[in-house]
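See structure below.
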Amino acid sequence: MMIALLILLIPTLLIALFFLNSVAIPFAKLKLYHKKGMTFFFSPLKGYLETFKPGYKEKGDYFATFKDASRLNPEDSVLLSNIGRNPILLLRDPNLLKEFYRKHAYYNKDGSIEYYKPLFGLGLLYAEGD
């Protein structure tokens with residue numbers, strides 16, 4: 001009886017943890033950032049990569065969805081999405097981009113950035129310090 005209960009309980013807990021880590025927590029993080037003036041896309045696990053896939057299939061351009069969002073909501077200055085569990089902000093307003101580059105010390109770059117350095121080099125994207 002006890003073993004049968006454990007056999008049912010363990011998979012249920014694993015599924016609940018998976019849902020929590022891959023859907024509920026990432027969505028809650030995005031909702032913290034979501035404000036007026038932001039186009040919002042959420043896709044569990046793959047994030048914006050999955051969101052932009054239809055644009056690529058239809059138009060041959062991964063950024064077709066991004067461009068369409070800009071056309072449909074020209075007043076929105078930020079596109080908000082996710083990569084896995086992490087929120088990402090794609091800035092569309094030139095003034096926000098300037099502000100971002102002027103105050104880059106305020107923004108943390110996570111450990112995954114090291115993975116891309118050999119590909120992109122040490123340009124503005126990876127600059128640290130003054």
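Convention: chains lettered A, B, ... in structure tokens order; per-chain residue numbering from 1; ligands numbered from 1 as shown.
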Non-local contacts of range 71-79 of chain A (12 Å; only C-alpha atoms; under 5 positions in same chain excluded) as a PyMOL selection string = chain A and resi 30+33-42+48+51+63-66+87-97
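Here CA of Lys31 in chain A is placed at a distance of 25.1 Å from CA of Leu13 in chain A.
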Running DSSP on the backbone, which parts of chain A land in helix (DSSP H, G or I), as JSON, numbers by chain?
-> {"A": [2, 3, 4, 5, 6, 7, 8, 9, 10, 11, 12, 13, 14, 15, 16, 17, 18, 19, 20, 21, 22, 23, 24, 25, 26, 27, 28, 29, 30, 31, 32, 33, 48, 49, 50, 51, 52, 53, 54, 55, 56, 57, 58, 59, 64, 65, 66, 67, 68, 69, 70, 71, 72, 94, 95, 96, 97, 98, 99, 100, 101, 102, 104, 105, 106, 113, 114, 115, 116, 117, 118, 119, 120, 124, 125, 126]}
Save the residues we just selected, C-alpha atoms, as a compact mmCIF listing (two decimals), in the first residue's frame?
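Output (result_34.txt):
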```txt
# COMPACT_ATOMS: atom_id res chain seq x y z
CA MET A 2 2.75 2.45 1.01
CA ILE A 3 4.89 1.54 -2.01
CA ALA A 4 1.94 2.09 -4.38
CA LEU A 5 1.37 5.51 -2.82
CA LEU A 6 5.05 6.42 -3.29
CA ILE A 7 4.96 5.20 -6.89
CA LEU A 8 2.11 7.62 -7.56
CA LEU A 9 3.41 10.49 -5.43
CA ILE A 10 6.97 10.71 -6.80
CA PRO A 11 6.02 11.18 -10.49
CA THR A 12 3.33 13.66 -9.49
CA LEU A 13 5.87 15.72 -7.53
CA LEU A 14 8.36 15.57 -10.40
CA ILE A 15 5.74 16.79 -12.87
CA ALA A 16 4.73 19.60 -10.50
CA LEU A 17 8.37 20.67 -10.07
CA PHE A 18 8.93 20.59 -13.81
CA PHE A 19 5.85 22.76 -14.38
CA LEU A 20 6.90 25.16 -11.64
CA ASN A 21 10.46 25.54 -12.97
CA SER A 22 9.68 25.65 -16.68
CA VAL A 23 6.37 27.52 -16.80
CA ALA A 24 5.16 29.17 -13.58
CA ILE A 25 8.40 30.80 -12.39
CA PRO A 26 9.51 32.09 -15.82
CA PHE A 27 6.02 33.49 -16.50
CA ALA A 28 5.97 35.20 -13.08
CA LYS A 29 9.40 36.76 -13.78
CA LEU A 30 8.13 38.16 -17.07
CA LYS A 31 4.99 39.56 -15.45
CA LEU A 32 7.21 41.51 -13.04
CA TYR A 33 8.70 43.38 -16.02
CA TYR A 48 11.45 33.79 -27.94
CA LEU A 49 13.12 31.25 -30.22
CA GLU A 50 9.79 29.42 -30.40
CA THR A 51 7.85 32.68 -30.67
CA PHE A 52 9.81 33.81 -33.73
CA LYS A 53 9.74 30.43 -35.50
CA PRO A 54 6.41 31.04 -37.34
CA GLY A 55 7.81 34.26 -38.82
CA TYR A 56 10.75 32.33 -40.16
CA LYS A 57 8.55 29.62 -41.65
CA GLU A 58 6.19 32.13 -43.29
CA LYS A 59 8.61 34.86 -44.38
CA ALA A 64 9.49 38.85 -38.87
CA THR A 65 7.45 38.49 -35.66
CA PHE A 66 9.53 41.25 -34.05
CA LYS A 67 9.03 43.49 -37.11
CA ASP A 68 5.31 42.75 -37.21
CA ALA A 69 5.00 43.62 -33.51
CA SER A 70 6.78 46.92 -34.23
CA ARG A 71 4.41 47.65 -37.10
CA LEU A 72 1.27 46.73 -35.13
CA PRO A 94 16.83 54.44 -29.81
CA ASN A 95 16.75 56.50 -26.60
CA LEU A 96 16.44 53.36 -24.47
CA LEU A 97 19.33 51.79 -26.38
CA LYS A 98 21.51 54.85 -25.72
CA GLU A 99 20.61 54.74 -22.04
CA PHE A 100 21.38 51.03 -21.89
CA TYR A 101 24.83 51.46 -23.45
CA ARG A 102 25.65 54.47 -21.26
CA HIS A 104 26.00 49.10 -18.93
CA ALA A 105 27.59 48.67 -15.49
CA TYR A 106 24.08 48.50 -13.97
CA ILE A 113 27.54 34.98 -22.07
CA GLU A 114 30.93 33.24 -21.79
CA TYR A 115 29.65 30.58 -24.17
CA TYR A 116 29.17 33.13 -26.97
CA LYS A 117 32.38 35.17 -26.57
CA PRO A 118 34.40 33.06 -29.04
CA LEU A 119 31.65 33.56 -31.61
CA PHE A 120 31.05 37.30 -31.18
CA LEU A 124 30.11 46.33 -27.27
CA LEU A 125 27.86 43.43 -26.36
CA TYR A 126 30.48 41.94 -24.04
```
Any chance you could list, as JSON, numbers by chain, the residues in chain A that come up strand (DSSP E or B) when DSSP is run on the backbone?
-> {"A": [38, 39, 40, 78, 79, 80, 81, 82, 83, 86, 87, 88, 89, 90, 91]}
From the list A:Met1, A:Asp61, A:Lys103, A:Gly84, which residue is nearest Gly47 in chain A when using only C-alpha atoms?
->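 Closest to Gly47 in chain A of all the choices is A:Gly84.
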